[in-house]
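What follows is run_8.pdb (PDB, C-alpha atoms and all ligand atoms).
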```pdb
ATOM      1  CA  MET A   1       9.314  45.477 121.914
ATOM      2  CA  ALA A   2       7.745  42.119 121.037
ATOM      3  CA  LYS A   3       7.360  41.161 117.386
ATOM      4  CA  ASN A   4       3.746  40.404 116.543
ATOM      5  CA  LEU A   5       2.191  38.488 113.702
ATOM      6  CA  ILE A   6      -1.542  38.537 113.100
ATOM      7  CA  ILE A   7      -2.789  35.620 111.001
ATOM      8  CA  TYR A   8      -6.419  36.170 110.067
ATOM      9  CA  TYR A   9      -9.245  34.914 107.906
ATOM     10  CA  SER A  10     -12.199  37.155 107.139
ATOM     11  CA  ARG A  11     -14.985  36.881 104.603
ATOM     12  CA  ARG A  12     -16.549  39.824 102.807
ATOM     13  CA  GLY A  13     -20.073  39.590 101.417
ATOM     14  CA  GLN A  14     -23.292  38.673 103.157
ATOM     15  CA  ASN A  15     -23.132  38.043 106.863
ATOM     16  CA  TYR A  16     -25.487  37.774 109.797
ATOM     17  CA  LEU A  17     -25.493  40.834 112.067
ATOM     18  CA  ASN A  18     -27.898  41.482 114.919
ATOM     19  CA  GLY A  19     -30.511  39.202 113.423
ATOM     20  CA  SER A  20     -30.361  40.486 109.822
ATOM     21  CA  ILE A  21     -28.343  39.645 106.754
ATOM     22  CA  VAL A  22     -26.117  42.536 105.654
ATOM     23  CA  ASP A  23     -23.442  42.999 102.996
ATOM     24  CA  LEU A  24     -19.979  43.664 104.400
ATOM     25  CA  VAL A  25     -17.407  45.448 102.235
ATOM     26  CA  LYS A  26     -14.775  44.725 104.871
ATOM     27  CA  GLY A  27     -15.003  41.625 107.024
ATOM     28  CA  ASN A  28     -15.397  41.963 110.798
ATOM     29  CA  THR A  29     -12.261  40.010 111.597
ATOM     30  CA  GLU A  30     -10.226  42.019 109.108
ATOM     31  CA  ARG A  31     -11.210  45.192 110.976
ATOM     32  CA  VAL A  32     -10.217  43.680 114.312
ATOM     33  CA  ALA A  33      -6.897  42.412 112.895
ATOM     34  CA  GLU A  34      -6.120  45.936 111.663
ATOM     35  CA  TYR A  35      -7.014  47.442 115.049
ATOM     36  CA  ILE A  36      -4.546  45.069 116.733
ATOM     37  CA  ARG A  37      -1.808  46.112 114.320
ATOM     38  CA  ASN A  38      -2.665  49.812 114.781
ATOM     39  CA  ALA A  39      -2.369  49.440 118.560
ATOM     40  CA  VAL A  40       0.850  47.453 118.969
ATOM     41  CA  GLY A  41       2.384  47.046 115.509
ATOM     42  CA  GLY A  42       2.991  43.776 113.722
ATOM     43  CA  ASP A  43       2.615  42.032 110.413
ATOM     44  CA  LEU A  44      -0.724  40.938 109.002
ATOM     45  CA  PHE A  45      -1.103  37.683 107.099
ATOM     46  CA  GLU A  46      -4.451  37.023 105.449
ATOM     47  CA  VAL A  47      -5.487  33.421 104.911
ATOM     48  CA  GLU A  48      -7.251  33.265 101.526
ATOM     49  CA  THR A  49      -8.724  30.186  99.906
ATOM     50  CA  VAL A  50      -8.292  29.313  96.231
ATOM     51  CA  LYS A  51     -11.986  28.432  96.022
ATOM     52  CA  GLU A  52     -13.944  31.303  97.479
ATOM     53  CA  TYR A  53     -16.853  30.608  99.774
ATOM     54  CA  SER A  54     -20.216  31.793  98.570
ATOM     55  CA  THR A  55     -20.982  35.451  99.241
ATOM     56  CA  ASP A  56     -24.536  34.269  99.976
ATOM     57  CA  TYR A  57     -24.768  33.789 103.736
ATOM     58  CA  MET A  58     -26.958  30.677 103.840
ATOM     59  CA  THR A  59     -24.973  28.914 101.119
ATOM     60  CA  CYS A  60     -21.753  29.718 102.944
ATOM     61  CA  THR A  61     -23.049  28.262 106.203
ATOM     62  CA  GLU A  62     -23.742  24.987 104.367
ATOM     63  CA  GLU A  63     -20.316  24.977 102.700
ATOM     64  CA  ALA A  64     -18.663  25.581 106.056
ATOM     65  CA  LYS A  65     -20.710  22.857 107.751
ATOM     66  CA  ASP A  66     -19.660  20.324 105.087
ATOM     67  CA  GLU A  67     -16.006  21.283 105.479
ATOM     68  CA  LEU A  68     -16.127  20.903 109.233
ATOM     69  CA  ARG A  69     -17.916  17.553 109.004
ATOM     70  CA  ASN A  70     -15.251  16.296 106.582
ATOM     71  CA  ASN A  71     -12.355  17.903 108.487
ATOM     72  CA  ALA A  72     -11.438  19.567 105.179
ATOM     73  CA  ARG A  73      -8.230  21.479 104.530
ATOM     74  CA  PRO A  74      -9.140  23.985 101.794
ATOM     75  CA  GLU A  75      -6.287  24.949  99.480
ATOM     76  CA  LEU A  76      -4.843  28.416 100.149
ATOM     77  CA  LYS A  77      -3.714  31.078  97.665
ATOM     78  CA  ARG A  78      -0.430  31.324  99.562
ATOM     79  CA  THR A  79       0.896  29.920 102.795
ATOM     80  CA  LEU A  80       3.208  31.256 105.404
ATOM     81  CA  ASN A  81       5.981  28.764 106.136
ATOM     82  CA  ASP A  82       7.973  30.290 108.961
ATOM     83  CA  VAL A  83       7.074  32.229 112.094
ATOM     84  CA  SER A  84      10.486  32.063 113.749
ATOM     85  CA  ASP A  85      10.884  35.878 113.604
ATOM     86  CA  TYR A  86       7.898  36.480 115.866
ATOM     87  CA  ASP A  87       7.277  36.382 119.618
ATOM     88  CA  ASN A  88       3.479  36.623 119.574
ATOM     89  CA  ILE A  89       1.151  35.139 117.007
ATOM     90  CA  VAL A  90      -2.490  36.197 117.025
ATOM     91  CA  VAL A  91      -4.835  33.857 115.176
ATOM     92  CA  ALA A  92      -7.999  35.790 114.311
ATOM     93  CA  GLY A  93     -11.055  34.458 112.549
ATOM     94  CA  PRO A  94     -14.828  34.409 112.486
ATOM     95  CA  CYS A  95     -16.624  31.809 114.536
ATOM     96  CA  TRP A  96     -17.922  29.272 112.018
ATOM     97  CA  TRP A  97     -19.967  26.573 113.702
ATOM     98  CA  GLY A  98     -18.130  27.044 116.963
ATOM     99  CA  THR A  99     -14.544  27.166 115.718
ATOM    100  CA  TYR A 100     -12.277  28.745 113.085
ATOM    101  CA  PRO A 101     -12.955  28.172 109.375
ATOM    102  CA  CYS A 102     -11.079  25.035 108.226
ATOM    103  CA  ALA A 103      -8.844  27.221 106.021
ATOM    104  CA  VAL A 104      -7.212  28.555 109.193
ATOM    105  CA  PHE A 105      -6.260  24.989 110.119
ATOM    106  CA  THR A 106      -4.704  24.493 106.652
ATOM    107  CA  GLN A 107      -2.370  27.367 107.521
ATOM    108  CA  LEU A 108      -1.683  26.477 111.146
ATOM    109  CA  GLU A 109      -0.677  22.925 110.260
ATOM    110  CA  GLN A 110       2.178  24.291 108.086
ATOM    111  CA  LEU A 111       3.902  26.046 110.964
ATOM    112  CA  ASP A 112       6.268  25.203 113.798
ATOM    113  CA  PHE A 113       5.074  27.085 116.882
ATOM    114  CA  THR A 114       7.692  25.813 119.313
ATOM    115  CA  GLY A 115       8.376  28.443 121.979
ATOM    116  CA  LYS A 116       5.814  30.930 120.637
ATOM    117  CA  LYS A 117       2.886  32.592 122.370
ATOM    118  CA  VAL A 118      -0.375  32.324 120.453
ATOM    119  CA  PHE A 119      -3.541  34.309 121.124
ATOM    120  CA  PRO A 120      -7.047  33.357 119.983
ATOM    121  CA  VAL A 121      -9.169  36.185 118.592
ATOM    122  CA  MET A 122     -12.655  35.486 117.309
ATOM    123  CA  THR A 123     -15.484  37.580 115.925
ATOM    124  CA  HIS A 124     -18.900  36.044 116.368
ATOM    125  CA  GLU A 125     -22.635  36.633 116.634
ATOM    126  CA  GLY A 126     -23.118  35.217 120.113
ATOM    127  CA  SER A 127     -20.794  32.232 120.543
ATOM    128  CA  GLY A 128     -17.861  34.245 121.921
ATOM    129  CA  LEU A 129     -14.451  32.569 121.753
ATOM    130  CA  SER A 130     -16.151  29.143 121.700
ATOM    131  CA  GLY A 131     -13.666  26.553 120.379
ATOM    132  CA  ALA A 132     -10.865  28.989 119.485
ATOM    133  CA  PRO A 133      -8.554  28.401 122.504
ATOM    134  CA  ALA A 134      -8.929  24.612 122.204
ATOM    135  CA  ALA A 135      -8.215  24.798 118.468
ATOM    136  CA  LEU A 136      -4.975  26.691 119.091
ATOM    137  CA  LYS A 137      -3.955  24.168 121.752
ATOM    138  CA  LYS A 138      -4.501  21.431 119.198
ATOM    139  CA  TYR A 139      -3.013  23.016 116.066
ATOM    140  CA  CYS A 140      -0.191  25.213 117.427
ATOM    141  CA  LYS A 141       1.997  22.475 118.844
ATOM    142  CA  GLY A 142       4.711  23.695 121.202
ATOM    143  CA  ALA A 143       3.095  27.101 121.764
ATOM    144  CA  THR A 144       1.653  28.617 124.923
ATOM    145  CA  VAL A 145      -1.925  29.802 124.462
ATOM    146  CA  GLY A 146      -2.441  33.290 125.913
ATOM    147  CA  ALA A 147      -5.551  35.279 126.770
ATOM    148  CA  GLY A 148      -8.219  35.407 124.098
ATOM    149  CA  LEU A 149     -10.370  38.200 122.725
ATOM    150  CA  ALA A 150     -13.941  37.792 121.489
ATOM    151  CA  VAL A 151     -15.565  40.639 119.550
ATOM    152  CA  ARG A 152     -19.165  40.579 118.464
ATOM    153  CA  GLY A 153     -19.156  41.033 114.681
ATOM    154  CA  ALA A 154     -21.914  43.638 114.847
ATOM    155  CA  GLU A 155     -19.680  45.675 117.193
ATOM    156  CA  ALA A 156     -16.463  45.213 115.199
ATOM    157  CA  ALA A 157     -16.492  48.675 113.607
ATOM    158  CA  ARG A 158     -16.845  50.252 117.063
ATOM    159  CA  SER A 159     -14.365  47.994 118.852
ATOM    160  CA  GLU A 160     -11.081  49.797 118.209
ATOM    161  CA  SER A 161     -10.529  51.049 121.768
ATOM    162  CA  ALA A 162     -11.422  47.702 123.380
ATOM    163  CA  VAL A 163      -9.199  45.857 120.897
ATOM    164  CA  ALA A 164      -6.353  48.310 121.532
ATOM    165  CA  ALA A 165      -6.659  47.822 125.314
ATOM    166  CA  TRP A 166      -6.506  44.026 124.958
ATOM    167  CA  SER A 167      -3.561  44.301 122.525
ATOM    168  CA  LYS A 168      -1.550  46.588 124.793
ATOM    169  CA  LYS A 169      -2.159  44.327 127.785
ATOM    170  CA  ASN A 170      -1.182  41.101 126.014
ATOM    171  CA  LEU A 171       1.105  41.849 123.068
ATOM    172  CA  MET A 172       3.562  44.559 124.138
TER     173      MET A 172
HETATM  174  C1  LIG A 201     -20.402  29.924 107.848
HETATM  175  C2  LIG A 201     -20.721  30.757 109.061
HETATM  176  C3  LIG A 201     -20.918  30.147 110.285
HETATM  177  C4  LIG A 201     -21.134  30.917 111.441
HETATM  178  N1  LIG A 201     -21.281  30.291 112.655
HETATM  179  C5  LIG A 201     -21.397  31.049 113.769
HETATM  180  C6  LIG A 201     -21.466  30.419 115.066
HETATM  181  O1  LIG A 201     -21.418  29.187 115.206
HETATM  182  N2  LIG A 201     -21.571  31.235 116.144
HETATM  183  C7  LIG A 201     -21.604  32.610 116.047
HETATM  184  O2  LIG A 201     -21.684  33.276 117.066
HETATM  185  N3  LIG A 201     -21.534  33.217 114.832
HETATM  186  C8  LIG A 201     -21.435  32.474 113.712
HETATM  187  N4  LIG A 201     -21.337  33.105 112.475
HETATM  188  C9  LIG A 201     -21.269  34.573 112.419
HETATM  189  C10 LIG A 201     -19.837  35.049 112.245
HETATM  190  O3  LIG A 201     -18.964  34.436 113.185
HETATM  191  C11 LIG A 201     -19.693  36.575 112.438
HETATM  192  O4  LIG A 201     -20.594  37.252 111.607
HETATM  193  C12 LIG A 201     -18.271  37.021 112.173
HETATM  194  O5  LIG A 201     -18.068  38.303 112.756
HETATM  195  C13 LIG A 201     -17.916  37.102 110.688
HETATM  196  O6  LIG A 201     -16.588  37.574 110.556
HETATM  197  P1  LIG A 201     -15.945  37.984 109.165
HETATM  198  O7  LIG A 201     -16.738  39.167 108.639
HETATM  199  O8  LIG A 201     -14.550  38.406 109.516
HETATM  200  O9  LIG A 201     -15.970  36.819 108.260
HETATM  201  C14 LIG A 201     -21.179  32.349 111.332
HETATM  202  C15 LIG A 201     -21.043  32.938 110.072
HETATM  203  C16 LIG A 201     -20.817  32.170 108.936
HETATM  204  C17 LIG A 201     -20.643  32.840 107.585
END
```

Can you turn what I pasted into C-alpha cells?
Amino acid sequence: MAKNLIIYYSRRGQNYLNGSIVDLVKGNTERVAEYIRNAVGGDLFEVETVKEYSTDYMTCTEEAKDELRNNARPELKRTLNDVSDYDNIVVAGPCWWGTYPCAVFTQLEQLDFTGKKVFPVMTHEGSGLSGAPAALKKYCKGATVGAGLAVRGAEAARSESAVAAWSKKNLM
C-alpha cells in the first residue's frame, strides 16, 4: 500500500460559486482533500498563513493578485520539513489567478521531492487545472508529476465519488 500525503490550502469565507458570492464554512479544496484521504488513506497537511487573507471575496482577489505579481512567499503558521516517508504527494489548492496561492509555494520550496510522485489537484470556477501541473514541475524538483484532478468548487460537496475514483486509480 502506497503512503500518501495530501498537502492542501483552502480558504473559508466568501467565495465565488456559480456566478454568486457565497459564504463557505468549509473550503472547497479542504473537502476534496478529505475525500482523497477517505478513499485511499494518507496524512493531511494544511498550509495556513500567519496573515489571513480577507474573508471578503473581492478584497482577497486583490491581495492574491498583488502576491502573485510580487512572487510573494507568505509566512506560514507551520511548515512541513520532510516528506521522505511518503510515496505519493498530492498538492491540492484553489485556482487563484491561474495557479496555486503563493502560500503553497512557500511550503513546496521547503521540501526535497527527489524520487517522489506528485499529483496536482485544483478546485476552480472554470479554469480547471490551469497552471497547477506546471507549478509542480517547477517547485517539486526531482519529482515525477502524475495525473491531475480538477474539481469545480461549486461541485466540491458532490464530488466524493469522482474524487474517490481518481484517488483509487492514481494513489493506491
Ligand atoms: C483570490 C481568488 C482568485 C481566484 N481565481 C480564480 C481563477 O483564476 N480561475 C478560477 O477558475 N477560479 C478562481 N477562483 C475561484 C476559486 O478557485 C474556487 O472558488 C475554489 O474552489 C476555492 O477553493 P477553496 O474554497 O478551497 O479556497 C478564485 C478565487 C479567489 C478567492

Please write as a PDB file with C-alpha atoms, in the coordinates of the input the list of polymer residues whose atoms come within 6 Å of (0.7, 42.6, 113.8), counting all atoms listed in the file and keeping to the coordinates of the file.
```pdb
ATOM      1  CA  ASN A   4       3.746  40.404 116.543  1.00  0.00           C
ATOM      2  CA  LEU A   5       2.191  38.488 113.702  1.00  0.00           C
ATOM      3  CA  ILE A   6      -1.542  38.537 113.100  1.00  0.00           C
ATOM      4  CA  ARG A  37      -1.808  46.112 114.320  1.00  0.00           C
ATOM      5  CA  GLY A  41       2.384  47.046 115.509  1.00  0.00           C
ATOM      6  CA  GLY A  42       2.991  43.776 113.722  1.00  0.00           C
ATOM      7  CA  ASP A  43       2.615  42.032 110.413  1.00  0.00           C
ATOM      8  CA  LEU A  44      -0.724  40.938 109.002  1.00  0.00           C
TER       9      LEU A  44
END
```

Subject >> Ground truth for the PyMOL selection byres (((not hetatm)) within 8 of (chain A and resi 201)), written as a VMD selection string >> reply: chain A and resid 9 to 17 24 26 to 31 57 to 58 60 to 65 93 to 99 101 122 to 128 151 to 154 156

Restricting the output to C-alpha atoms, write the selected residues as a tab-separated table (two decimals), keeping the file's coordinate frame.
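What follows is the written file again15.tsv:
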```tsv
chain	number	residue	atom	x	y	z
A	9	TYR	CA	-9.24	34.91	107.91
A	10	SER	CA	-12.20	37.16	107.14
A	11	ARG	CA	-14.98	36.88	104.60
A	12	ARG	CA	-16.55	39.82	102.81
A	13	GLY	CA	-20.07	39.59	101.42
A	14	GLN	CA	-23.29	38.67	103.16
A	15	ASN	CA	-23.13	38.04	106.86
A	16	TYR	CA	-25.49	37.77	109.80
A	17	LEU	CA	-25.49	40.83	112.07
A	24	LEU	CA	-19.98	43.66	104.40
A	26	LYS	CA	-14.78	44.72	104.87
A	27	GLY	CA	-15.00	41.62	107.02
A	28	ASN	CA	-15.40	41.96	110.80
A	29	THR	CA	-12.26	40.01	111.60
A	30	GLU	CA	-10.23	42.02	109.11
A	31	ARG	CA	-11.21	45.19	110.98
A	57	TYR	CA	-24.77	33.79	103.74
A	58	MET	CA	-26.96	30.68	103.84
A	60	CYS	CA	-21.75	29.72	102.94
A	61	THR	CA	-23.05	28.26	106.20
A	62	GLU	CA	-23.74	24.99	104.37
A	63	GLU	CA	-20.32	24.98	102.70
A	64	ALA	CA	-18.66	25.58	106.06
A	65	LYS	CA	-20.71	22.86	107.75
A	93	GLY	CA	-11.06	34.46	112.55
A	94	PRO	CA	-14.83	34.41	112.49
A	95	CYS	CA	-16.62	31.81	114.54
A	96	TRP	CA	-17.92	29.27	112.02
A	97	TRP	CA	-19.97	26.57	113.70
A	98	GLY	CA	-18.13	27.04	116.96
A	99	THR	CA	-14.54	27.17	115.72
A	101	PRO	CA	-12.96	28.17	109.38
A	122	MET	CA	-12.66	35.49	117.31
A	123	THR	CA	-15.48	37.58	115.92
A	124	HIS	CA	-18.90	36.04	116.37
A	125	GLU	CA	-22.64	36.63	116.63
A	126	GLY	CA	-23.12	35.22	120.11
A	127	SER	CA	-20.79	32.23	120.54
A	128	GLY	CA	-17.86	34.24	121.92
A	151	VAL	CA	-15.56	40.64	119.55
A	152	ARG	CA	-19.16	40.58	118.46
A	153	GLY	CA	-19.16	41.03	114.68
A	154	ALA	CA	-21.91	43.64	114.85
A	156	ALA	CA	-16.46	45.21	115.20
```

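Here atom CA of A:Pro120 and atom CA of A:Asn170 stand 11.4 Å from one another.
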
Original post:
Can you tell me how far atom CA of A:Phe45 sits from atom CA of A:Leu80, in Å to one decimal?
Top reply: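 So the two atoms, atom CA of A:Phe45 and atom CA of A:Leu80, lie 7.9 Å apart.
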
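What separates atom CA of A:Thr106 from atom CA of A:Met172 is a distance of 27.9 Å.
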
**OP:** Take the PyMOL selection byres (((chain A and resi 118) around 6) and not hetatm), apply it to the structure above, and return the hits as a PyMOL selection string.
**Re:** chain A and resi 88-90+117+119+145-146

Original post:
Applied to the shown file, which residues does the PyMOL selection byres (((chain A and resi 71) around 12) and not hetatm) return, written as a list in words?
Top reply: Ala64, Lys65, Asp66, Glu67, Leu68, Arg69, Asn70, Ala72, Arg73, Pro74, Thr99, Tyr100, Pro101, Cys102, Ala103, Val104, Phe105 and Thr106 of chain A

Original post:
With all atoms listed in the file as the basis for distance, which of A:Arg158, A:Asn38, A:Leu171, A:Leu149 is at the shortest distance from A:Ala132?
Top reply: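 Closest to A:Ala132, using all atoms listed in the file: A:Leu149.
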
Subject >> Contact residues around stretch 163-166 of chain A with all atoms listed in the file at 8 Å, ignoring same-chain residues under 6 positions, as a PyMOL selection string >> reply: chain A and resi 32+35-36+38-40+149

For the selection just defined, write its residues with C-alpha atoms to a file, as a tab-separated table (two decimals), in the coordinates of the input.
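Listing of out.tsv after writing:
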```
chain	number	residue	atom	x	y	z
A	32	VAL	CA	-10.22	43.68	114.31
A	35	TYR	CA	-7.01	47.44	115.05
A	36	ILE	CA	-4.55	45.07	116.73
A	38	ASN	CA	-2.66	49.81	114.78
A	39	ALA	CA	-2.37	49.44	118.56
A	40	VAL	CA	0.85	47.45	118.97
A	149	LEU	CA	-10.37	38.20	122.72
```

**OP:** Might you pull out every residue within 9 Å of A:Thr79, with only C-alpha atoms counted and same-chain residues fewer than 4 positions away left off, and present them as number ranges by chain?
**Re:** A: 47-48, 106-107, 110

Residues as selected, C-alpha atoms, written as a PDB file, in the frame of the given file, can you do that?
```pdb
ATOM      1  CA  VAL A  47      -5.487  33.421 104.911  1.00  0.00           C
ATOM      2  CA  GLU A  48      -7.251  33.265 101.526  1.00  0.00           C
ATOM      3  CA  THR A 106      -4.704  24.493 106.652  1.00  0.00           C
ATOM      4  CA  GLN A 107      -2.370  27.367 107.521  1.00  0.00           C
ATOM      5  CA  GLN A 110       2.178  24.291 108.086  1.00  0.00           C
TER       6      GLN A 110
END
```

**OP:** For each of A:Asn18, A:Glu160, A:Gly148, A:Ala143, take the minimum atom-to-atom distance to A:Ala92, counting all atoms listed in the file, then give the residue where this is smallest.
**Re:**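 Using all atoms listed in the file, A:Ala92 sits closest to A:Gly148.
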
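Comparing the minimum interatomic distances between A:Tyr139 and each of A:Ala162, A:Lys116, A:Glu109, A:Val91, counting all atoms listed in the file, we find that A:Glu109 sits nearest.
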
**OP:** Compare A:Gly115, A:Ser161, A:Ser54, A:Leu108 by their minimum atom-to-atom distance to A:Leu136, counting only C-alpha atoms, and give me the closest one.
**Re:**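 Counting only C-alpha atoms, the residue closest to A:Leu136 is A:Leu108.
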
Subject >> Spatial neighbours of A:Leu76, max dist 6 Å, only C-alpha atoms, sep filter under 2 positions, as a list of chain:residue names >> reply: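 Using only C-alpha atoms, the neighbours found are A:Glu48, A:Thr49, A:Val50, A:Arg78.
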
Keeping only C-alpha atoms, take the residues you just selected and write them out as a PDB file, in the frame of the given file.
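Output file out-v6.pdb is given in full below:
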```pdb
ATOM      1  CA  GLU A  48      -7.251  33.265 101.526  1.00  0.00           C
ATOM      2  CA  THR A  49      -8.724  30.186  99.906  1.00  0.00           C
ATOM      3  CA  VAL A  50      -8.292  29.313  96.231  1.00  0.00           C
ATOM      4  CA  ARG A  78      -0.430  31.324  99.562  1.00  0.00           C
TER       5      ARG A  78
END
```
